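Visitor: The structure file final07.cif (mmCIF, C-alpha atoms) is provided below.
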data_protein
loop_
_atom_site.label_atom_id
_atom_site.label_comp_id
_atom_site.auth_asym_id
_atom_site.auth_seq_id
_atom_site.Cartn_x
_atom_site.Cartn_y
_atom_site.Cartn_z
CA MET A 1 -91.02 37.88 -13.68
CA ARG A 2 -88.61 40.79 -14.18
CA LYS A 3 -90.31 44.08 -14.96
CA CYS A 4 -89.05 47.06 -16.95
CA ARG A 5 -88.57 50.00 -14.59
CA LYS A 6 -89.62 52.50 -17.29
CA CYS A 7 -92.74 50.95 -18.85
CA LEU A 8 -93.62 47.98 -16.54
CA VAL A 9 -93.64 45.37 -19.33
CA THR A 10 -92.45 41.98 -18.06
CA GLN A 11 -89.82 39.57 -19.33
CA GLY A 12 -92.47 36.97 -20.18
CA VAL A 13 -94.05 39.10 -22.93
CA SER A 14 -93.12 37.90 -26.42
CA GLY A 15 -90.21 39.86 -27.88
CA VAL A 16 -89.27 41.54 -24.59
CA GLU A 17 -85.78 41.42 -23.12
CA ILE A 18 -84.88 43.33 -19.98
CA GLY A 19 -81.25 44.42 -19.68
CA THR A 20 -78.99 44.66 -16.68
CA ASP A 21 -80.06 48.29 -16.30
CA GLY A 22 -83.65 47.15 -15.69
CA VAL A 23 -84.88 48.69 -18.95
CA CYS A 24 -86.49 46.67 -21.74
CA ASN A 25 -85.36 46.53 -25.37
CA LEU A 26 -88.59 48.25 -26.46
CA CYS A 27 -87.87 51.30 -24.31
CA HIS A 28 -84.28 51.45 -25.58
CA ALA A 29 -85.51 51.26 -29.19
CA TYR A 30 -88.09 53.99 -28.60
CA GLU A 31 -85.48 56.27 -27.02
CA ARG A 32 -83.11 55.76 -29.95
CA ASN A 33 -85.77 56.70 -32.46
CA ALA A 34 -87.34 59.35 -30.20
CA GLY A 35 -90.63 58.65 -31.95
CA SER A 36 -89.50 60.70 -34.98
CA ALA A 37 -90.93 58.42 -37.66
CA ASP A 38 -94.27 58.18 -35.86
CA ALA A 39 -94.42 61.96 -35.37
CA GLU A 40 -94.11 62.53 -39.11
CA GLY A 41 -96.78 59.94 -39.84
CA ARG A 42 -99.07 61.45 -37.24
CA ARG A 43 -98.79 64.92 -38.79
CA SER A 44 -99.83 63.48 -42.15
CA ARG A 45 -102.77 61.67 -40.59
CA GLU A 46 -103.82 64.80 -38.69
CA ALA A 47 -103.85 66.85 -41.90
CA ASP A 48 -106.01 64.23 -43.63
CA LEU A 49 -108.40 64.11 -40.69
CA GLU A 50 -108.78 67.89 -40.63
CA ARG A 51 -109.53 67.98 -44.37
CA THR A 52 -112.03 65.16 -44.00
CA LEU A 53 -113.93 66.62 -41.05
CA THR A 54 -114.20 70.07 -42.63
CA THR A 55 -115.41 68.84 -46.02
CA VAL A 56 -117.41 65.65 -45.41
CA ARG A 57 -121.12 65.80 -46.03
CA GLY A 58 -123.43 62.79 -46.06
CA GLU A 59 -126.21 62.10 -48.50
CA GLY A 60 -128.66 61.61 -45.64
CA GLU A 61 -129.20 63.47 -42.38
CA TYR A 62 -125.79 62.57 -40.86
CA ASP A 63 -122.18 63.28 -41.88
CA CYS A 64 -120.47 60.81 -39.56
CA LEU A 65 -121.19 57.87 -37.29
CA VAL A 66 -119.33 57.43 -33.98
CA PRO A 67 -119.40 54.00 -32.28
CA LEU A 68 -120.03 54.68 -28.58
CA SER A 69 -119.11 52.00 -26.02
CA GLY A 70 -119.28 54.22 -22.94
CA GLY A 71 -115.55 54.02 -22.28
CA LYS A 72 -113.49 57.18 -21.77
CA ASP A 73 -112.10 57.23 -25.33
CA SER A 74 -115.36 56.92 -27.25
CA VAL A 75 -117.01 59.46 -24.93
CA PHE A 76 -114.17 61.97 -25.33
CA LEU A 77 -114.03 61.46 -29.10
CA LEU A 78 -117.72 62.34 -29.38
CA PHE A 79 -117.18 65.46 -27.25
CA LYS A 80 -114.13 66.64 -29.19
CA ILE A 81 -115.77 66.22 -32.59
CA LYS A 82 -118.96 67.97 -31.44
CA LYS A 83 -117.07 70.94 -29.99
CA LYS A 84 -114.42 71.30 -32.70
CA TYR A 85 -116.77 70.77 -35.65
CA PRO A 86 -120.17 72.14 -34.53
CA ASP A 87 -121.65 71.96 -38.03
CA LEU A 88 -120.94 68.25 -38.39
CA ARG A 89 -124.10 66.14 -38.21
CA ILE A 90 -123.23 63.26 -35.87
CA LEU A 91 -124.95 59.98 -35.08
CA ALA A 92 -123.70 58.01 -32.07
CA PHE A 93 -124.09 54.24 -32.41
CA THR A 94 -123.93 51.44 -29.84
CA THR A 95 -124.05 47.68 -30.32
CA ASP A 96 -125.52 46.58 -26.99
CA VAL A 97 -123.63 43.43 -26.01
CA ASN A 98 -122.13 42.94 -22.53
CA ILE A 99 -121.94 46.69 -21.80
CA PRO A 100 -121.70 47.35 -18.03
CA ASP A 101 -123.95 49.72 -16.08
CA ILE A 102 -121.19 52.31 -15.59
CA ALA A 103 -120.63 52.49 -19.35
CA TRP A 104 -124.37 52.94 -19.93
CA GLN A 105 -124.40 55.80 -17.44
CA ASN A 106 -121.52 57.40 -19.39
CA ILE A 107 -123.39 56.90 -22.68
CA ARG A 108 -126.62 58.46 -21.44
CA ARG A 109 -124.85 61.36 -19.72
CA THR A 110 -122.76 62.16 -22.82
CA THR A 111 -125.47 61.93 -25.46
CA GLU A 112 -127.84 64.03 -23.36
CA LYS A 113 -125.27 66.70 -22.55
CA LEU A 114 -124.05 66.97 -26.15
CA GLU A 115 -127.60 66.63 -27.58
CA ILE A 116 -126.48 64.00 -30.07
CA ASP A 117 -128.77 61.47 -31.74
CA HIS A 118 -128.03 57.95 -30.53
CA LEU A 119 -128.92 54.68 -32.22
CA VAL A 120 -128.75 51.41 -30.24
CA PHE A 121 -128.60 48.00 -31.93
CA ARG A 122 -129.50 45.15 -29.59
CA PRO A 123 -128.74 41.80 -31.30
CA PRO A 124 -129.89 38.46 -29.82
CA GLU A 125 -127.74 37.50 -26.85
CA ALA A 126 -127.73 33.79 -27.77
CA PHE A 127 -125.46 34.32 -30.78
CA TYR A 128 -122.81 36.19 -28.78
CA LYS A 129 -122.90 33.64 -25.98
CA LYS A 130 -122.32 30.92 -28.56
CA ILE A 131 -119.38 32.88 -30.02
CA PHE A 132 -117.81 33.49 -26.59
CA ARG A 133 -118.27 29.87 -25.52
CA TYR A 134 -116.71 28.46 -28.68
CA VAL A 135 -113.75 30.82 -28.77
CA LEU A 136 -112.90 30.47 -25.07
CA ARG A 137 -112.86 26.68 -25.44
CA ASN A 138 -110.77 26.95 -28.59
CA GLN A 139 -108.40 29.88 -28.09
CA GLU A 140 -105.60 30.52 -30.54
CA ALA A 141 -101.98 30.61 -29.38
CA ARG A 142 -102.11 34.26 -28.27
CA GLY A 143 -104.86 33.56 -25.76
CA ALA A 144 -108.34 34.68 -24.78
CA VAL A 145 -108.16 38.46 -25.16
CA TYR A 146 -106.70 38.20 -28.64
CA SER A 147 -109.03 35.41 -29.76
CA VAL A 148 -112.28 36.91 -28.47
CA SER A 149 -111.40 40.52 -29.34
CA TYR A 150 -110.55 39.67 -32.91
CA VAL A 151 -113.81 37.82 -33.38
CA TYR A 152 -115.96 40.34 -31.50
CA ALA A 153 -114.40 43.54 -32.91
CA PRO A 154 -115.19 42.75 -36.57
CA LEU A 155 -118.81 42.19 -35.52
CA PHE A 156 -119.40 45.65 -34.02
CA GLU A 157 -117.14 47.34 -36.57
CA GLY A 158 -119.18 45.66 -39.28
CA ASP A 159 -122.42 46.78 -37.58
CA ALA A 160 -121.21 50.39 -37.86
CA ILE A 161 -120.39 50.00 -41.55
CA LYS A 162 -123.78 48.40 -42.27
CA ILE A 163 -125.62 51.28 -40.56
CA ALA A 164 -123.49 53.84 -42.40
CA VAL A 165 -124.31 52.21 -45.75
CA VAL A 166 -128.04 52.11 -45.02
CA LYS A 167 -128.15 55.74 -43.88
CA GLY A 168 -125.74 57.12 -46.50
CA ILE A 169 -123.18 58.19 -43.89
CA PRO A 170 -119.74 58.63 -45.53
CA LEU A 171 -117.57 58.49 -42.41
CA VAL A 172 -117.17 56.27 -39.32
CA LEU A 173 -114.96 57.57 -36.50
CA ALA A 174 -113.75 55.04 -33.92
CA GLY A 175 -112.37 55.84 -30.46
CA TYR A 176 -109.40 53.49 -30.72
CA SER A 177 -106.41 54.72 -28.73
CA PRO A 178 -102.92 54.42 -30.27
CA GLY A 179 -102.01 50.74 -30.54
CA GLN A 180 -105.62 49.59 -30.97
CA PRO A 181 -106.29 47.47 -32.92
CA GLU A 182 -103.04 45.85 -34.04
CA PRO A 183 -101.23 48.19 -36.49
CA GLU A 184 -101.22 45.66 -39.33
CA ARG A 185 -105.01 45.67 -39.21
CA MET A 186 -105.57 49.38 -38.75
CA LEU A 187 -103.23 52.33 -38.44
CA TYR A 188 -105.58 55.33 -38.57
CA GLU A 189 -107.80 53.91 -41.36
CA PHE A 190 -109.22 50.64 -42.60
CA SER A 191 -108.07 50.26 -46.20
CA ARG A 192 -110.50 50.60 -49.09
CA LYS A 193 -109.63 47.05 -50.14
CA LEU A 194 -110.68 45.76 -46.73
CA ILE A 195 -113.98 47.63 -46.66
CA GLU A 196 -114.93 47.11 -50.30
CA THR A 197 -113.74 43.60 -51.25
CA ILE A 198 -112.94 41.29 -48.27
CA ASP A 199 -115.24 39.05 -46.20
CA TRP A 200 -114.71 39.80 -42.47
CA THR A 201 -115.82 36.37 -41.20
CA PRO A 202 -113.05 34.81 -39.05
CA PRO A 203 -111.70 31.69 -40.85
CA GLU A 204 -111.91 29.43 -37.79
CA LEU A 205 -115.63 30.10 -37.42
CA LYS A 206 -116.22 29.35 -41.10
CA ASN A 207 -114.37 26.05 -40.93
CA CYS A 208 -115.27 24.61 -37.52
CA GLY A 209 -118.77 23.44 -38.48
CA GLU A 210 -120.34 24.88 -35.30
CA PHE A 211 -122.03 27.90 -36.89
CA SER A 212 -124.85 28.01 -39.42
CA GLN A 213 -124.75 30.11 -42.58
CA ASP A 214 -127.35 32.43 -41.05
CA GLU A 215 -125.13 32.96 -38.00
CA LEU A 216 -122.07 33.68 -40.13
CA LEU A 217 -124.07 36.28 -42.05
CA ARG A 218 -123.77 38.46 -38.93
CA PHE A 219 -120.24 39.32 -40.07
CA PHE A 220 -119.75 42.12 -42.58
CA ASP A 221 -119.04 40.99 -46.13
CA PRO A 222 -118.91 43.72 -48.82
CA THR A 223 -119.27 41.14 -51.59
CA ARG A 224 -122.94 40.73 -50.60
CA TYR A 225 -123.65 44.35 -51.60
CA PRO A 226 -124.36 45.68 -55.12
CA GLY A 227 -121.29 46.77 -57.06
CA ASP A 228 -122.18 50.46 -56.90
CA THR A 229 -122.53 50.56 -53.09
CA GLU A 230 -120.91 53.58 -51.42
CA PHE A 231 -118.96 52.35 -48.37
CA PRO A 232 -117.79 54.81 -45.68
CA ARG A 233 -114.25 55.65 -44.69
CA TYR A 234 -113.45 54.23 -41.25
CA LEU A 235 -110.94 56.33 -39.28
CA ALA A 236 -109.41 56.38 -35.79
CA PRO A 237 -108.84 60.08 -34.89
CA PHE A 238 -106.70 59.33 -31.83
CA HIS A 239 -104.15 57.84 -34.24
CA ALA A 240 -103.88 61.33 -35.74
CA TRP A 241 -104.37 63.67 -32.76
CA ASP A 242 -102.12 63.94 -29.72
CA TYR A 243 -103.35 61.43 -27.16
CA ASN A 244 -102.77 61.19 -23.41
CA GLN A 245 -104.71 58.61 -21.42
CA ASP A 246 -104.52 60.52 -18.14
CA GLU A 247 -105.69 63.77 -19.71
CA VAL A 248 -108.63 62.06 -21.41
CA MET A 249 -109.74 60.59 -18.09
CA LYS A 250 -109.59 64.03 -16.46
CA ASP A 251 -111.28 65.82 -19.37
CA VAL A 252 -114.38 63.61 -19.54
CA VAL A 253 -115.02 64.29 -15.84
CA ARG A 254 -114.20 68.01 -16.09
CA HIS A 255 -116.63 68.49 -18.98
CA GLY A 256 -119.42 66.65 -17.17
CA LEU A 257 -119.57 63.70 -19.57
CA VAL A 258 -118.68 61.19 -16.86
CA SER A 259 -119.67 61.56 -13.23
CA SER A 260 -116.36 60.61 -11.59
CA ALA A 261 -112.82 59.38 -12.18
CA LYS A 262 -114.05 55.91 -11.27
CA HIS A 263 -116.58 56.00 -14.12
CA ALA A 264 -113.84 57.16 -16.51
CA SER A 265 -111.43 54.38 -15.62
CA PRO A 266 -111.13 51.43 -18.03
CA ILE A 267 -110.94 49.23 -14.95
CA PHE A 268 -114.60 50.00 -14.17
CA SER A 269 -116.11 50.73 -17.61
CA ASN A 270 -114.70 47.73 -19.48
CA TYR A 271 -116.89 44.90 -20.77
CA PRO A 272 -117.60 42.47 -17.88
CA ILE A 273 -116.48 39.47 -19.93
CA ASN A 274 -113.06 41.07 -20.22
CA TRP A 275 -112.31 40.01 -16.64
CA LEU A 276 -112.77 36.38 -17.68
CA LEU A 277 -110.52 36.89 -20.71
CA MET A 278 -107.79 38.40 -18.53
CA TYR A 279 -108.17 35.57 -16.03
CA SER A 280 -107.66 32.99 -18.77
CA ASP A 281 -104.55 34.75 -20.10
CA LEU A 282 -103.05 35.25 -16.65
CA LYS A 283 -103.60 31.55 -16.04
CA HIS A 284 -101.97 30.49 -19.32
CA PHE A 285 -99.21 33.08 -19.78
CA GLY A 286 -98.50 34.57 -16.36
CA TYR A 287 -99.04 38.25 -17.23
CA ASN A 288 -101.97 40.55 -17.92
CA PRO A 289 -102.72 40.55 -21.67
CA TYR A 290 -103.24 44.34 -21.66
CA LEU A 291 -99.82 44.95 -20.16
CA PRO A 292 -98.04 45.41 -23.54
CA GLU A 293 -100.65 47.97 -24.62
CA PHE A 294 -100.41 50.00 -21.41
CA ALA A 295 -96.61 49.68 -21.41
CA ALA A 296 -96.52 51.22 -24.90
CA LEU A 297 -98.62 54.18 -23.71
CA ILE A 298 -96.35 54.62 -20.67
CA ARG A 299 -93.24 54.38 -22.86
CA GLU A 300 -94.55 57.11 -25.16
CA GLY A 301 -95.59 59.41 -22.31
CA LYS A 302 -99.31 58.87 -22.93
CA ALA A 303 -100.10 57.13 -19.62
CA SER A 304 -98.87 57.48 -16.06
CA LEU A 305 -96.07 55.17 -14.91
CA SER A 306 -96.83 55.76 -11.23
CA GLN A 307 -100.55 55.15 -11.64
CA TRP A 308 -100.16 51.85 -13.48
CA ARG A 309 -97.30 50.71 -11.21
CA PHE A 310 -99.89 50.88 -8.45
CA LEU A 311 -102.93 49.60 -10.37
CA ILE A 312 -101.58 46.64 -12.35
CA PRO A 313 -100.78 44.46 -9.28
CA ILE A 314 -104.18 45.31 -7.76
CA VAL A 315 -106.05 44.42 -10.97
CA ASP A 316 -104.10 41.17 -11.32
CA PHE A 317 -104.81 40.27 -7.66
CA MET A 318 -108.57 40.83 -8.15
CA ILE A 319 -108.54 38.70 -11.30
CA ARG A 320 -106.52 35.79 -9.91
CA HIS A 321 -108.58 35.61 -6.72
CA LYS A 322 -111.94 36.49 -8.36
CA VAL A 323 -112.69 39.18 -5.77
CA PHE A 324 -114.15 42.70 -5.98
CA LEU A 325 -114.26 43.55 -9.70
CA GLY A 326 -112.59 40.20 -10.39
CA ALA A 327 -115.79 38.50 -9.26
CA GLU A 328 -116.91 39.13 -12.86
CA VAL A 329 -114.78 36.07 -13.70
CA LYS A 330 -117.21 33.84 -11.81
CA ARG A 331 -120.28 35.61 -13.17
CA SER A 332 -119.08 35.29 -16.77
CA LEU A 333 -118.27 31.61 -16.34
CA ALA A 334 -121.79 31.06 -15.00
CA TRP A 335 -123.35 33.17 -17.78
CA LEU A 336 -121.57 31.09 -20.42
CA ASP A 337 -122.04 27.79 -18.54
CA LEU A 338 -118.29 27.15 -18.62
CA GLY A 339 -115.88 25.74 -16.07
CA GLU A 340 -112.27 26.86 -15.61
CA GLY A 341 -111.14 23.67 -17.32
CA ASP A 342 -112.96 24.77 -20.48
CA LEU A 343 -110.58 27.72 -20.97
CA ALA A 344 -108.26 26.07 -23.46
CA VAL A 345 -105.55 27.24 -25.87
CA ASN A 346 -105.68 24.65 -28.65
CA LYS A 347 -105.73 26.50 -31.98
CA PRO A 348 -102.73 27.67 -34.02
CA ARG A 349 -101.64 31.28 -34.17
CA GLY A 350 -103.79 33.19 -36.65
CA ALA A 351 -106.86 30.95 -36.43
CA TYR A 352 -109.16 33.91 -35.73
CA ASP A 353 -107.20 36.63 -37.50
CA PRO A 354 -109.63 39.07 -39.09
CA PRO A 355 -108.74 40.50 -42.47
CA VAL A 356 -105.97 43.12 -42.42
CA SER A 357 -105.90 46.57 -43.94
CA ILE A 358 -103.09 45.91 -46.36
#
Please rewrite the model in this file as C-alpha cells.
Guide:
Amino acid sequence: MRKCRKCLVTQGVSGVEIGTDGVCNLCHAYERNAGSADAEGRRSREADLERTLTTVRGEGEYDCLVPLSGGKDSVFLLFKIKKKYPDLRILAFTTDVNIPDIAWQNIRRTTEKLEIDHLVFRPPEAFYKKIFRYVLRNQEARGAVYSVSYVYAPLFEGDAIKIAVVKGIPLVLAGYSPGQPEPERMLYEFSRKLIETIDWTPPELKNCGEFSQDELLRFFDPTRYPGDTEFPRYLAPFHAWDYNQDEVMKDVVRHGLVSSAKHASPIFSNYPINWLLMYSDLKHFGYNPYLPEFAALIREGKASLSQWRFLIPIVDFMIRHKVFLGAEVKRSLAWLDLGEGDLAVNKPRGAYDPPVSI
C-alpha cells in the first residue's frame, strides 16, 4: 500500500488519500491549519489544569489518583506531577491485568524512586479472559484493537473512579497521550454527564446473553451510587501540556524511572495481548491498527519520523510471522484457548462503543 512520506500513514486507512506528491490529505490539512485551533484549545486546557492542581484538596489522605500501567506516559506523568506540585498528595493505582514484566519493573522503580503510595487491584483473571475471548470472536467493524480497547478501557477507568469515590479523592489524572482515547469520548476531560449519569457497560455485552448480571456489575455505573455521591474529575494532562513522545522516552530513562530505552519503548512495555490484537487487525485490514495514532504524532512533530519509518516494518514483520516479540501472538491464543480462525469481524460498527463525553 502507498505510504505518506511525511507521516507514514497508508492508503488503506479509512479517510486517507495520498496525492501525487506522496503526501496524505491529513498532512495537507494539518499544514493548512498549522495547528492553530488546537493550540488555542490547549492553552485553555493548560490554564484549567494549572488551577486545578494548585487548588485541589481531597477529603481524605490523597488529592489525586494516577492510574499507573508501567508505560512511559503514565510513569512520566507521575514524575512530572510529583516534581511540579510537591505538596500534592498522590496515590498511584494499577489494575493488574495482563501487565508485562517490563512494565512491572517500571512501576516498582518509579514508585520507589518517587516515594509514592501505590495501590494494586488484582481482579479475577477468569472474567477478563472471558471478555477477551468473546470480543475477539465477535469484533466490531473497526477490528480487534478498537473492540477490545473500548471494552477494556472503561473497566480500568471505572476502577479508578470507584477507588476515588471510596477514598474521597477529587481528581483522577490519566497518562493518555494526545489522540487517546478517541476525541469524541475524551478530549482532556470526561464530561460530568458521563461520570455522574451514564452506565459504562458496553451495549454488546449487555445484549449478547453471554455475561451474568454479576459480571456486568464490574463496569462503572454512577446510577448505582447515592444521589449525593461526590465523583472525581477525570483529566488527561498530556492533552493540556506540550507532549513529545521521543522526549518522554528519553526523560524517563534520564531521571532513573526506567532502566533503559528498551524499557521505555511502547514496543516492549505494552500489554502482551496487544500483539494478538495487532495480528488480527493486520490480518483483516492489511495495516497496523496503531499506525493512524503514530502518524498523527509524527504529523504534529510529537514523534520521530525516522524512528518509526524504521520500526513499523520490523514490528509488523514480528507480528505477521509470530517471532521475537510477535511470539506473544501464539502465547495469547493459547492463554485464551483460541485458534486463528476464531478471530472474526462480525459485529456492526459501534457495537462496543463506550459512552461518550458529550
Visitor: Show which residues sit within 6 Å of region 330-337 of chain A, as a PDB file with C-alpha atoms, in the coordinates of the input. Count all atoms listed in the file, and ignore same-chain residues fewer than 2 positions away.
Guide:
ATOM      1  CA  ILE A 273    -116.480  39.470 -19.930  1.00  0.00           C
ATOM      2  CA  ALA A 327    -115.790  38.500  -9.260  1.00  0.00           C
ATOM      3  CA  GLU A 328    -116.910  39.130 -12.860  1.00  0.00           C
TER       4      GLU A 328
END
Visitor: Apply the PyMOL selection byres ((chain A and resi 355) around 9) to the displayed file and report the matching residues as number ranges by chain.
Guide: A: 185, 194, 198-202, 353-354, 356-358
Visitor: Near region 15-32 of chain A, counting all atoms listed in the file, which residues have an atom at most 8 Å away, once you skip same-chain residues fewer than 6 positions from it, shown as a PyMOL selection string?
Guide: chain A and resi 2-7+9+299-300
Visitor: To one decimal place in Å, what is the distance between CA of His255 (chain A) and CA of Ser269 (chain A)?
Guide: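 CA of Ser269 (chain A) lies at a distance of 17.8 Å from CA of His255 (chain A).
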Visitor: Name the residues that the PyMOL selection byres ((chain A and resi 59-72) around 8) pulls out of this structure, and write them as a ChimeraX atom specification.
Guide: /A:56-58,73-76,78,88-95,99,102-107,160,164,167-175,248-249,252,264-266,269-270
Visitor: Which one of A:Leu235, A:Leu114, A:Ala344, A:Leu277 sits closest to Pro181 (chain A) if you count only C-alpha atoms?
Guide: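 Smallest separation from Pro181 (chain A) among the options: A:Leu235.
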Visitor: What gap, in Å, lies between CA of Gly339 (chain A) and CA of Glu140 (chain A)?
Guide: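 CA of Gly339 (chain A) sits 18.4 Å away from CA of Glu140 (chain A).
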Visitor: Looking at A:Phe79, A:Gly301, A:Phe294, A:Phe268, which one is nearest to Pro100 (chain A), with distances taken over only C-alpha atoms?
Guide: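 When distances to Pro100 (chain A) are compared using only C-alpha atoms, the smallest one comes from A:Phe268.
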Visitor: Figure out the distance between CA of Gly143 (chain A) and CA of Lys322 (chain A), please, to one decimal in Å.
Guide: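 Here the two named atoms are 19.0 Å from each other.
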Visitor: Between A:Leu187, A:Ile131, A:Pro237, A:Ile161, single out the one closest to Tyr225 (chain A), counting all atoms listed in the file.
Guide: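 When distances to Tyr225 (chain A) are compared using all atoms listed in the file, the smallest one comes from A:Ile161.
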Visitor: Could you list, as a list in words, every residue within 9 Å of region 204-218 of chain A, counting all atoms listed in the file and ignoring same-chain residues fewer than 4 positions away?
Guide: Phe127, Lys130, Ile131, Tyr134, Val135, Val151, Leu155, Gly158, Asp159, Lys347, Ala351, Tyr352 and Asp353 of chain A
Visitor: Kindly indicate which residue among A:Gly341, A:His239, A:Glu50, A:Tyr287 lies nearest to Met1 (chain A), using all atoms listed in the file for the distances.
Guide: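 Smallest distance to Met1 (chain A) is found for A:Tyr287.
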